[in-house]
$ cat start.cif   # mmCIF, C-alpha atoms
data_my_file
#
loop_
_atom_site.label_atom_id
_atom_site.label_comp_id
_atom_site.auth_asym_id
_atom_site.auth_seq_id
_atom_site.Cartn_x
_atom_site.Cartn_y
_atom_site.Cartn_z
CA MET F 587 72.40 95.05 66.85
CA LYS F 588 75.56 94.05 64.97
CA ASP F 589 78.94 95.11 66.33
CA TYR F 590 80.32 97.16 63.46
CA TYR F 591 83.62 97.68 65.30
CA ALA F 592 84.11 93.91 65.49
CA ILE F 593 83.25 93.53 61.78
CA LEU F 594 85.88 96.11 60.83
CA GLU F 595 88.26 94.66 63.45
CA VAL F 596 88.90 98.00 65.15
CA LEU F 597 88.48 99.30 68.70
CA PRO F 598 85.53 101.56 69.59
CA ASN F 599 87.97 104.44 70.20
CA ALA F 600 89.62 104.08 66.77
CA THR F 601 90.08 107.28 64.77
CA GLN F 602 88.28 107.91 61.46
CA GLU F 603 91.59 107.51 59.62
CA GLU F 604 92.24 104.13 61.29
CA ILE F 605 88.74 102.96 60.39
CA LYS F 606 89.20 104.04 56.76
CA GLU F 607 92.60 102.31 56.52
CA GLN F 608 91.23 99.08 58.04
CA TYR F 609 88.23 99.18 55.67
CA PHE F 610 90.42 99.24 52.56
CA LEU F 611 92.58 96.44 53.95
CA LEU F 612 89.53 94.23 54.53
CA ILE F 613 88.01 95.01 51.12
CA GLN F 614 91.24 93.94 49.45
CA ALA F 615 91.61 90.84 51.65
CA TRP F 616 88.04 89.66 50.98
CA HIS F 617 87.91 90.46 47.26
CA PRO F 618 85.89 87.62 45.64
CA ASP F 619 88.33 87.27 42.75
CA LYS F 620 90.97 86.02 45.19
CA PHE F 621 89.00 82.84 45.86
CA ARG F 622 88.52 79.90 43.51
CA SER F 623 85.50 77.93 44.66
CA ALA F 624 81.94 79.24 44.36
CA LYS F 625 81.41 78.69 48.10
CA GLN F 626 84.46 80.77 48.99
CA LYS F 627 83.43 83.51 46.56
CA ALA F 628 79.94 83.65 48.07
CA LYS F 629 81.44 83.88 51.56
CA ALA F 630 83.77 86.66 50.39
CA GLU F 631 80.88 88.62 48.86
CA GLU F 632 78.87 88.27 52.08
CA LYS F 633 81.85 89.42 54.15
CA SER F 634 82.46 92.36 51.80
CA LYS F 635 78.83 93.39 52.14
CA GLU F 636 79.09 93.29 55.95
CA VAL F 637 82.25 95.36 55.84
CA ASN F 638 80.62 97.95 53.56
CA VAL F 639 77.55 98.21 55.81
CA ALA F 640 79.76 98.72 58.88
CA TYR F 641 81.94 101.28 57.11
CA THR F 642 78.92 103.24 55.84
CA VAL F 643 77.89 103.84 59.47
CA LEU F 644 81.30 104.35 61.09
CA LYS F 645 82.80 106.60 58.41
CA ASP F 646 80.09 109.22 59.04
CA VAL F 647 80.71 111.08 62.31
CA ALA F 648 77.01 111.74 63.00
CA LYS F 649 75.95 108.15 62.20
CA ARG F 650 78.79 106.78 64.29
CA ALA F 651 77.79 108.92 67.30
CA GLU F 652 74.17 107.75 67.01
CA TYR F 653 75.33 104.12 66.69
CA ASP F 654 77.54 104.48 69.78
CA ARG F 655 74.58 105.82 71.78
CA GLN F 656 72.41 102.89 70.70
CA LEU F 657 75.21 100.43 71.46
CA SER F 658 75.76 101.82 74.96
CA GLY F 659 72.01 101.86 75.61
CA GLN F 660 71.71 98.22 74.58
CA SER F 661 74.52 97.14 76.92
CA SER F 662 72.94 98.98 79.87
CA GLN F 663 69.74 96.93 79.50
CA SER F 664 71.46 93.64 80.30
CA VAL F 665 69.73 93.19 83.72
CA ARG F 666 66.71 90.92 83.26
CA PRO F 667 63.70 91.10 85.60
CA GLN F 668 63.35 88.13 87.95
CA ARG F 669 60.25 85.98 87.84
CA PRO F 670 58.09 86.24 91.00
CA ARG F 671 58.22 83.32 93.40
CA PRO F 672 55.20 81.02 93.48
CA ALA F 673 54.10 82.45 96.83
CA GLU F 674 54.03 85.94 95.37
CA GLU F 675 52.10 85.00 92.24
CA HIS F 676 48.46 86.06 92.10
CA ARG F 677 45.63 84.03 90.74
CA ARG F 678 44.94 84.44 87.04
CA PRO F 679 42.28 87.12 86.54
CA LYS F 680 39.06 86.25 84.81
CA PRO F 681 38.49 87.52 81.25
CA ALA F 682 36.35 90.43 82.44
CA GLU F 683 39.05 91.48 84.91
CA GLU F 684 41.73 91.16 82.20
CA LYS F 685 39.79 93.48 79.96
CA ARG F 686 39.44 96.11 82.69
CA GLY F 687 43.13 95.87 83.67
CA ARG F 688 44.56 95.74 80.13
CA PRO F 689 46.79 98.79 79.42
CA ALA F 690 45.85 101.13 76.59
CA TYR F 691 47.60 100.61 73.25
CA ASP F 692 50.76 102.73 73.11
CA TRP F 693 50.45 104.50 69.76
CA GLY F 694 53.58 106.53 70.48
CA GLN F 695 55.67 103.41 70.94
CA ALA F 696 54.22 101.92 67.75
CA GLU F 697 55.16 105.05 65.80
CA ARG F 698 58.68 105.01 67.28
CA THR F 699 59.08 101.33 66.33
CA GLU F 700 57.90 102.02 62.77
CA ALA F 701 60.24 105.01 62.49
CA GLU F 702 63.14 102.86 63.71
CA ARG F 703 62.29 100.16 61.16
CA ARG F 704 62.19 102.72 58.33
CA ARG F 705 65.50 104.20 59.46
CA THR F 706 67.10 100.74 59.51
CA ASP F 707 65.75 99.95 56.05
CA LYS F 708 67.05 103.28 54.76
CA GLU F 709 70.50 102.67 56.22
CA ALA F 710 70.60 99.18 54.70
CA LYS F 711 69.62 100.58 51.29
CA GLU F 712 72.25 103.32 51.57
CA ALA F 713 74.81 100.71 52.52
CA ASP F 714 73.93 98.57 49.47
CA THR F 715 74.15 101.64 47.21
CA SER F 716 77.46 102.65 48.75
CA ALA F 717 78.84 99.12 48.31
CA LEU F 718 77.73 99.05 44.66
CA LYS F 719 79.46 102.38 43.97
CA GLU F 720 82.63 101.09 45.64
CA TRP F 721 82.74 98.07 43.33
CA VAL F 722 81.96 100.16 40.22
CA ARG F 723 84.82 102.52 41.18
CA PHE F 724 87.05 99.49 41.70
CA TYR F 725 86.47 98.04 38.21
CA PHE F 726 85.91 101.16 36.05
CA GLU F 727 88.47 103.94 35.80
CA GLN F 728 85.94 106.22 34.08
CA ALA F 729 83.53 105.76 36.99
CA ARG F 730 86.24 106.95 39.38
CA ARG F 731 86.73 110.06 37.25
CA ARG F 732 82.97 110.58 36.90
CA GLN F 733 82.22 110.25 40.63
CA SER F 734 85.16 112.39 41.73
CA LYS F 735 84.54 115.46 39.59
CA GLN F 736 82.03 116.61 36.94
CA PRO F 737 83.49 118.19 33.78
CA PRO F 738 83.01 122.01 33.66
CA GLU F 739 79.81 123.13 31.94
CA GLU F 740 81.66 125.54 29.62
CA GLN F 741 83.73 122.67 28.25
CA HIS F 742 80.59 120.87 27.04
CA LYS F 743 79.56 123.73 24.77
CA SER F 744 82.96 124.30 23.14
CA TYR F 745 82.77 121.44 20.60
CA PRO F 746 81.28 122.21 17.15
CA THR F 747 79.47 118.85 16.80
CA PRO F 748 77.34 117.02 19.38
CA ILE F 749 78.19 113.60 20.78
CA ARG F 750 76.38 110.99 18.68
CA VAL F 751 74.71 108.31 20.83
CA LEU F 752 73.26 104.91 19.90
CA MET F 753 70.71 103.54 22.41
CA VAL F 754 70.35 99.74 22.65
CA ASP F 755 67.50 98.36 24.76
CA ASP F 756 64.88 95.64 24.27
CA GLY F 757 62.22 97.85 25.89
CA THR F 758 60.79 101.03 24.39
CA ASP F 759 60.19 102.65 27.80
CA MET F 760 63.90 102.83 28.63
CA ARG F 761 64.78 104.20 25.20
CA LEU F 762 62.17 106.92 25.60
CA HIS F 763 63.41 107.66 29.12
CA VAL F 764 67.01 108.13 27.92
CA ARG F 765 65.84 110.36 25.06
CA LYS F 766 63.95 112.48 27.58
CA LEU F 767 66.99 112.78 29.86
CA LEU F 768 69.22 113.86 26.97
CA GLY F 769 66.68 115.93 25.03
CA SER F 770 67.67 119.27 26.57
CA GLU F 771 71.42 118.78 25.99
CA THR F 772 72.78 120.61 22.94
CA ASP F 773 76.09 118.71 22.98
CA ILE F 774 74.52 115.21 23.07
CA LYS F 775 72.28 113.73 20.38
CA VAL F 776 70.64 110.27 20.15
CA VAL F 777 71.15 109.36 16.48
CA GLY F 778 69.74 105.83 16.57
CA GLU F 779 68.02 103.08 18.52
CA ALA F 780 68.22 99.29 18.49
CA SER F 781 66.04 96.71 20.23
CA ASN F 782 68.49 93.77 20.11
CA GLY F 783 72.15 92.93 19.64
CA VAL F 784 71.94 92.07 15.92
CA GLU F 785 70.21 95.36 15.15
CA ALA F 786 72.75 97.18 17.33
CA LEU F 787 75.65 95.82 15.24
CA GLU F 788 73.92 96.90 12.00
CA LYS F 789 73.12 100.38 13.36
CA PHE F 790 76.63 100.80 14.74
CA GLY F 791 78.18 99.98 11.37
CA SER F 792 75.99 102.48 9.54
CA LEU F 793 75.92 105.28 12.12
CA MET F 794 79.37 104.93 13.78
CA PRO F 795 78.23 106.61 17.01
CA ASP F 796 80.65 108.18 19.49
CA VAL F 797 79.01 106.40 22.44
CA THR F 798 76.73 103.36 22.70
CA ILE F 799 74.40 102.85 25.67
CA VAL F 800 73.41 99.23 26.29
CA CYS F 801 70.57 98.32 28.66
CA MET F 802 69.12 94.90 27.87
CA THR F 803 67.38 92.32 30.07
CA SER F 804 66.32 89.77 27.46
CA PRO F 805 67.51 86.19 28.16
CA ALA F 806 68.20 85.73 24.44
CA MET F 807 70.95 88.36 24.50
CA SER F 808 71.96 90.13 27.70
CA ALA F 809 73.63 93.53 27.96
CA ILE F 810 76.99 91.80 28.52
CA THR F 811 76.59 89.64 25.40
CA ALA F 812 75.58 92.68 23.32
CA THR F 813 78.57 94.65 24.64
CA GLU F 814 80.95 91.80 23.80
CA ALA F 815 79.51 91.55 20.27
CA ILE F 816 79.87 95.28 19.62
CA ARG F 817 83.40 95.45 21.02
CA ARG F 818 84.49 92.32 19.11
CA LYS F 819 83.51 93.89 15.78
CA HIS F 820 84.40 97.48 16.72
CA PRO F 821 87.26 97.37 19.29
CA LEU F 822 87.36 101.16 19.71
CA ALA F 823 83.64 101.44 20.54
CA LYS F 824 82.78 103.24 23.77
CA VAL F 825 79.99 101.28 25.51
CA ILE F 826 78.19 102.36 28.68
CA MET F 827 76.21 99.62 30.40
CA ILE F 828 73.04 100.38 32.38
CA SER F 829 71.79 97.55 34.58
CA GLY F 830 69.82 96.80 37.72
CA GLN F 831 72.30 94.05 38.70
CA ASN F 832 74.33 94.81 41.84
CA SER F 833 76.48 91.69 42.25
CA THR F 834 80.24 92.11 42.09
CA ASP F 835 80.51 89.22 39.65
CA TYR F 836 78.16 90.90 37.17
CA ILE F 837 80.00 94.23 37.45
CA ARG F 838 83.32 92.44 36.84
CA ARG F 839 81.87 90.66 33.79
CA ALA F 840 80.68 94.01 32.41
CA MET F 841 84.22 95.35 32.68
CA THR F 842 85.64 92.19 31.06
CA ALA F 843 83.13 92.50 28.20
CA GLY F 844 84.64 95.89 27.34
CA ALA F 845 82.23 98.42 28.87
CA CYS F 846 83.90 101.71 29.77
CA ASP F 847 81.37 102.66 32.47
CA TYR F 848 78.54 101.10 34.49
CA LEU F 849 75.37 102.86 35.73
CA THR F 850 72.55 101.54 37.86
CA ASN F 851 69.04 101.44 36.43
CA PRO F 852 67.36 103.92 36.34
CA PRO F 853 70.40 106.14 35.84
CA PRO F 854 70.49 109.61 37.45
CA ALA F 855 70.39 112.27 34.72
CA GLU F 856 73.63 114.01 35.72
CA GLU F 857 75.56 110.73 35.99
CA LEU F 858 74.35 109.61 32.56
CA ARG F 859 75.32 112.90 30.90
CA SER F 860 78.69 112.93 32.63
CA ALA F 861 79.36 109.30 31.63
CA ILE F 862 78.56 110.05 27.97
CA ARG F 863 80.81 113.11 27.89
CA LEU F 864 83.71 111.29 29.55
CA ALA F 865 83.34 108.30 27.20
CA ALA F 866 83.45 110.68 24.22
CA GLY F 867 86.58 112.34 25.62
CA ARG F 868 84.92 115.65 26.46
#

$ encode --input "start.cif" --output "structure tokens"
Amino acid sequence: MKDYYAILEVLPNATQEEIKEQYFLLIQAWHPDKFRSAKQKAKAEEKSKEVNVAYTVLKDVAKRAEYDRQLSGQSSQSVRPQRPRPAEEHRRPKPAEEKRGRPAYDWGQAERTEAERRRTDKEAKEADTSALKEWVRFYFEQARRRQSKQPPEEQHKSYPTPIRVLMVDDGTDMRLHVRKLLGSETDIKVVGEASNGVEALEKFGSLMPDVTIVCMTSPAMSAITATEAIRRKHPLAKVIMISGQNSTDYIRRAMTAGACDYLTNPPPAEELRSAIRLAAGR
């Protein structure tokens, strides 16, 4: 078990406020953009991930208490059983005797082990998700506004015209999925679709949408390249990127390309609607 207190460089009796303050200091100190070489950047990203995992556990009072119990239980099991002396050793039993003396399989222990493995996997996934959200908040001001507070529902209905959305994706499934998520919203309307960057530029020029959603995985033109192309020709365009990438370098490149918000794929319905409304200034 990793020592999360050592990773965050705090004492086990540190207060929640001290842990939070130390977390932000470490995140700033190990920001990958502060390092020049690829090796140093990779080390910084690995350190940042460790810090985020540790903070995800220690910032939650219940998770921290459970972790402390496990940590104290692990330290109490430090006494190792001694091996019997040769004089005390018994002869090796024959196969038939081994079979009769073999203990029954402990199904309860197996279930507890499996439950522990699933819990660990879940915590690791939550930590990765938490780390990704931290980096998105760091690079995108709109994401900070979106994650802190949803716009009031009454405000959405007060505009006479709906928000016009252009969907850019090289796969039909994603375009259909976004249409389904937005189909019930009266203040948001998908006015066009494009399957590549060239088509997106043509559609943007003819439709002039309020918001453009870009979610492309094709090697020929990535979502970042498509965003750069749209923003180069239409500097005031509001582009929301949807991607399955979770590296800090990719998120930073999305911001540099001109995206105003970044959502993980598949995007939660409420986050997508909120991102569109914020990008349109509503």

$ resolve_selection --input "start.cif" --expression "the PyMOL selection byres ((chain F and resi 781) around 9)" --output "PyMOL selection string"
chain F and resi 753-758+779-780+782-786+802

$ closest_residue --input "start.cif" --among "F:Glu856, F:Glu814, F:Glu652, F:Asp589" --to "Ala843 in chain F" --atoms "only C-alpha atoms"
F:Glu814

$ resolve_selection --input "start.cif" --expression "the PyMOL selection byres ((chain F and resi 767) around 12)" --output "MDAnalysis selection string"
chainID F and resid 760:766 768:772 774:776 852:859

$ write_last_selection --input "start.cif" --atoms "C-alpha atoms" --output "PDB file, keeping the file's coordinate frame"
ATOM      1  CA  MET F 760      63.900 102.830  28.630  1.00  0.00           C
ATOM      2  CA  ARG F 761      64.780 104.200  25.200  1.00  0.00           C
ATOM      3  CA  LEU F 762      62.170 106.920  25.600  1.00  0.00           C
ATOM      4  CA  HIS F 763      63.410 107.660  29.120  1.00  0.00           C
ATOM      5  CA  VAL F 764      67.010 108.130  27.920  1.00  0.00           C
ATOM      6  CA  ARG F 765      65.840 110.360  25.060  1.00  0.00           C
ATOM      7  CA  LYS F 766      63.950 112.480  27.580  1.00  0.00           C
ATOM      8  CA  LEU F 768      69.220 113.860  26.970  1.00  0.00           C
ATOM      9  CA  GLY F 769      66.680 115.930  25.030  1.00  0.00           C
ATOM     10  CA  SER F 770      67.670 119.270  26.570  1.00  0.00           C
ATOM     11  CA  GLU F 771      71.420 118.780  25.990  1.00  0.00           C
ATOM     12  CA  THR F 772      72.780 120.610  22.940  1.00  0.00           C
ATOM     13  CA  ILE F 774      74.520 115.210  23.070  1.00  0.00           C
ATOM     14  CA  LYS F 775      72.280 113.730  20.380  1.00  0.00           C
ATOM     15  CA  VAL F 776      70.640 110.270  20.150  1.00  0.00           C
ATOM     16  CA  PRO F 852      67.360 103.920  36.340  1.00  0.00           C
ATOM     17  CA  PRO F 853      70.400 106.140  35.840  1.00  0.00           C
ATOM     18  CA  PRO F 854      70.490 109.610  37.450  1.00  0.00           C
ATOM     19  CA  ALA F 855      70.390 112.270  34.720  1.00  0.00           C
ATOM     20  CA  GLU F 856      73.630 114.010  35.720  1.00  0.00           C
ATOM     21  CA  GLU F 857      75.560 110.730  35.990  1.00  0.00           C
ATOM     22  CA  LEU F 858      74.350 109.610  32.560  1.00  0.00           C
ATOM     23  CA  ARG F 859      75.320 112.900  30.900  1.00  0.00           C
TER      24      ARG F 859
END

$ atom_distance --input "start.cif" --atom1 "CA of Asp619 in chain F" --atom2 "CA of Val637 in chain F"
16.5 Å

$ closest_residue --input "start.cif" --among "F:Ser658, F:Met794, F:Val777, F:Asp835" --to "Ala628 in chain F" --atoms "all atoms listed in the file"
F:Asp835

$ residues_around --input "start.cif" --residues "Ile593 in chain F" --least-positions-apart "2" --cutoff "8 Å" --atoms "only C-alpha atoms" --output "list in words"
Asp589, Tyr590, Tyr591, Glu595, Val596, Glu636, Val637 and Ala640 of chain F

$ write_last_selection --input "start.cif" --atoms "C-alpha atoms" --output "PDB file, in the frame of the given file"
ATOM      1  CA  ASP F 589      78.940  95.110  66.330  1.00  0.00           C
ATOM      2  CA  TYR F 590      80.320  97.160  63.460  1.00  0.00           C
ATOM      3  CA  TYR F 591      83.620  97.680  65.300  1.00  0.00           C
ATOM      4  CA  GLU F 595      88.260  94.660  63.450  1.00  0.00           C
ATOM      5  CA  VAL F 596      88.900  98.000  65.150  1.00  0.00           C
ATOM      6  CA  GLU F 636      79.090  93.290  55.950  1.00  0.00           C
ATOM      7  CA  VAL F 637      82.250  95.360  55.840  1.00  0.00           C
ATOM      8  CA  ALA F 640      79.760  98.720  58.880  1.00  0.00           C
TER       9      ALA F 640
END

$ closest_residue --input "start.cif" --among "F:Glu702, F:Glu604, F:Asp759, F:Asp847" --to "Ile799 in chain F" --atoms "all atoms listed in the file"
F:Asp847

$ resolve_selection --input "start.cif" --expression "the PyMOL selection byres ((chain F and resi 829) around 6)" --output "list of chain:residue names"
F:Ile828, F:Gly830, F:Gln831, F:Thr850, F:Asn851

$ write_last_selection --input "start.cif" --atoms "C-alpha atoms" --output "short mmCIF file (atom, residue, chain, number, x, y, z; two decimals), in the coordinates of the input"
data_model
loop_
_atom_site.label_atom_id
_atom_site.label_comp_id
_atom_site.auth_asym_id
_atom_site.auth_seq_id
_atom_site.Cartn_x
_atom_site.Cartn_y
_atom_site.Cartn_z
CA ILE F 828 73.04 100.38 32.38
CA GLY F 830 69.82 96.80 37.72
CA GLN F 831 72.30 94.05 38.70
CA THR F 850 72.55 101.54 37.86
CA ASN F 851 69.04 101.44 36.43
#

$ atom_distance --input "start.cif" --atom1 "CA of Lys588 in chain F" --atom2 "CA of Gly694 in chain F"
25.9 Å

$ build_atoms --input "start.cif" --residues "range 771-782 of chain F" --atoms "all heavy atoms" --output "PDB file, keeping the file's coordinate frame"
ATOM      1  N   GLU F 771      69.982 118.561  26.131  1.00  0.00           N
ATOM      2  CA  GLU F 771      71.420 118.780  25.990  1.00  0.00           C
ATOM      3  C   GLU F 771      71.780 119.079  24.535  1.00  0.00           C
ATOM      4  O   GLU F 771      71.474 118.288  23.636  1.00  0.00           O
ATOM      5  CB  GLU F 771      72.193 117.540  26.462  1.00  0.00           C
ATOM      6  CG  GLU F 771      71.900 117.132  27.887  1.00  0.00           C
ATOM      7  CD  GLU F 771      72.242 118.230  28.869  1.00  0.00           C
ATOM      8  OE1 GLU F 771      73.369 118.766  28.794  1.00  0.00           O
ATOM      9  OE2 GLU F 771      71.384 118.551  29.715  1.00  0.00           O
ATOM     10  N   THR F 772      72.415 120.227  24.311  1.00  0.00           N
ATOM     11  CA  THR F 772      72.780 120.610  22.940  1.00  0.00           C
ATOM     12  C   THR F 772      74.028 119.893  22.450  1.00  0.00           C
ATOM     13  O   THR F 772      74.267 119.818  21.243  1.00  0.00           O
ATOM     14  CB  THR F 772      73.015 122.126  22.862  1.00  0.00           C
ATOM     15  OG1 THR F 772      74.037 122.487  23.812  1.00  0.00           O
ATOM     16  CG2 THR F 772      71.738 122.888  23.201  1.00  0.00           C
ATOM     17  N   ASP F 773      74.844 119.372  23.381  1.00  0.00           N
ATOM     18  CA  ASP F 773      76.090 118.710  22.980  1.00  0.00           C
ATOM     19  C   ASP F 773      75.966 117.198  22.921  1.00  0.00           C
ATOM     20  O   ASP F 773      76.962 116.506  22.704  1.00  0.00           O
ATOM     21  CB  ASP F 773      77.226 119.107  23.922  1.00  0.00           C
ATOM     22  CG  ASP F 773      76.973 118.614  25.344  1.00  0.00           C
ATOM     23  OD1 ASP F 773      75.796 118.611  25.757  1.00  0.00           O
ATOM     24  OD2 ASP F 773      77.943 118.245  26.033  1.00  0.00           O
ATOM     25  N   ILE F 774      74.754 116.654  23.141  1.00  0.00           N
ATOM     26  CA  ILE F 774      74.520 115.210  23.070  1.00  0.00           C
ATOM     27  C   ILE F 774      73.281 114.960  22.203  1.00  0.00           C
ATOM     28  O   ILE F 774      72.245 115.591  22.407  1.00  0.00           O
ATOM     29  CB  ILE F 774      74.315 114.601  24.470  1.00  0.00           C
ATOM     30  CG1 ILE F 774      75.523 114.864  25.361  1.00  0.00           C
ATOM     31  CG2 ILE F 774      74.061 113.102  24.371  1.00  0.00           C
ATOM     32  CD1 ILE F 774      75.345 114.405  26.803  1.00  0.00           C
ATOM     33  N   LYS F 775      73.395 114.015  21.283  1.00  0.00           N
ATOM     34  CA  LYS F 775      72.280 113.730  20.380  1.00  0.00           C
ATOM     35  C   LYS F 775      72.133 112.225  20.173  1.00  0.00           C
ATOM     36  O   LYS F 775      73.096 111.541  19.823  1.00  0.00           O
ATOM     37  CB  LYS F 775      72.502 114.416  19.025  1.00  0.00           C
ATOM     38  CG  LYS F 775      71.359 114.205  18.037  1.00  0.00           C
ATOM     39  CD  LYS F 775      71.644 114.903  16.725  1.00  0.00           C
ATOM     40  CE  LYS F 775      70.501 114.697  15.729  1.00  0.00           C
ATOM     41  NZ  LYS F 775      70.797 115.357  14.426  1.00  0.00           N
ATOM     42  N   VAL F 776      70.925 111.691  20.420  1.00  0.00           N
ATOM     43  CA  VAL F 776      70.640 110.270  20.150  1.00  0.00           C
ATOM     44  C   VAL F 776      70.367 110.134  18.662  1.00  0.00           C
ATOM     45  O   VAL F 776      69.364 110.635  18.146  1.00  0.00           O
ATOM     46  CB  VAL F 776      69.432 109.784  20.972  1.00  0.00           C
ATOM     47  CG1 VAL F 776      69.137 108.320  20.654  1.00  0.00           C
ATOM     48  CG2 VAL F 776      69.693 109.945  22.465  1.00  0.00           C
ATOM     49  N   VAL F 777      71.261 109.457  17.944  1.00  0.00           N
ATOM     50  CA  VAL F 777      71.150 109.360  16.480  1.00  0.00           C
ATOM     51  C   VAL F 777      70.511 108.054  16.039  1.00  0.00           C
ATOM     52  O   VAL F 777      70.185 107.894  14.856  1.00  0.00           O
ATOM     53  CB  VAL F 777      72.540 109.502  15.827  1.00  0.00           C
ATOM     54  CG1 VAL F 777      73.098 110.894  16.079  1.00  0.00           C
ATOM     55  CG2 VAL F 777      73.505 108.434  16.344  1.00  0.00           C
ATOM     56  N   GLY F 778      70.345 107.095  16.969  1.00  0.00           N
ATOM     57  CA  GLY F 778      69.740 105.830  16.570  1.00  0.00           C
ATOM     58  C   GLY F 778      69.368 104.971  17.759  1.00  0.00           C
ATOM     59  O   GLY F 778      69.863 105.176  18.874  1.00  0.00           O
ATOM     60  N   GLU F 779      68.467 104.010  17.491  1.00  0.00           N
ATOM     61  CA  GLU F 779      68.020 103.080  18.520  1.00  0.00           C
ATOM     62  C   GLU F 779      68.040 101.661  17.967  1.00  0.00           C
ATOM     63  O   GLU F 779      67.858 101.455  16.764  1.00  0.00           O
ATOM     64  CB  GLU F 779      66.601 103.418  19.004  1.00  0.00           C
ATOM     65  CG  GLU F 779      66.475 104.760  19.690  1.00  0.00           C
ATOM     66  CD  GLU F 779      65.050 105.028  20.151  1.00  0.00           C
ATOM     67  OE1 GLU F 779      64.201 104.112  20.029  1.00  0.00           O
ATOM     68  OE2 GLU F 779      64.772 106.145  20.624  1.00  0.00           O
ATOM     69  N   ALA F 780      68.256 100.701  18.862  1.00  0.00           N
ATOM     70  CA  ALA F 780      68.220  99.290  18.490  1.00  0.00           C
ATOM     71  C   ALA F 780      67.567  98.502  19.613  1.00  0.00           C
ATOM     72  O   ALA F 780      67.754  98.820  20.787  1.00  0.00           O
ATOM     73  CB  ALA F 780      69.630  98.769  18.222  1.00  0.00           C
ATOM     74  N   SER F 781      66.780  97.483  19.227  1.00  0.00           N
ATOM     75  CA  SER F 781      66.040  96.710  20.230  1.00  0.00           C
ATOM     76  C   SER F 781      66.702  95.376  20.551  1.00  0.00           C
ATOM     77  O   SER F 781      66.247  94.664  21.443  1.00  0.00           O
ATOM     78  CB  SER F 781      64.610  96.463  19.739  1.00  0.00           C
ATOM     79  OG  SER F 781      64.627  95.760  18.509  1.00  0.00           O
ATOM     80  N   ASN F 782      67.785  95.019  19.839  1.00  0.00           N
ATOM     81  CA  ASN F 782      68.490  93.770  20.110  1.00  0.00           C
ATOM     82  C   ASN F 782      69.937  93.891  19.643  1.00  0.00           C
ATOM     83  O   ASN F 782      70.315  94.886  19.002  1.00  0.00           O
ATOM     84  CB  ASN F 782      67.796  92.576  19.443  1.00  0.00           C
ATOM     85  CG  ASN F 782      67.628  92.780  17.953  1.00  0.00           C
ATOM     86  OD1 ASN F 782      68.607  92.886  17.215  1.00  0.00           O
ATOM     87  ND2 ASN F 782      66.382  92.851  17.492  1.00  0.00           N
TER      88      ASN F 782
END
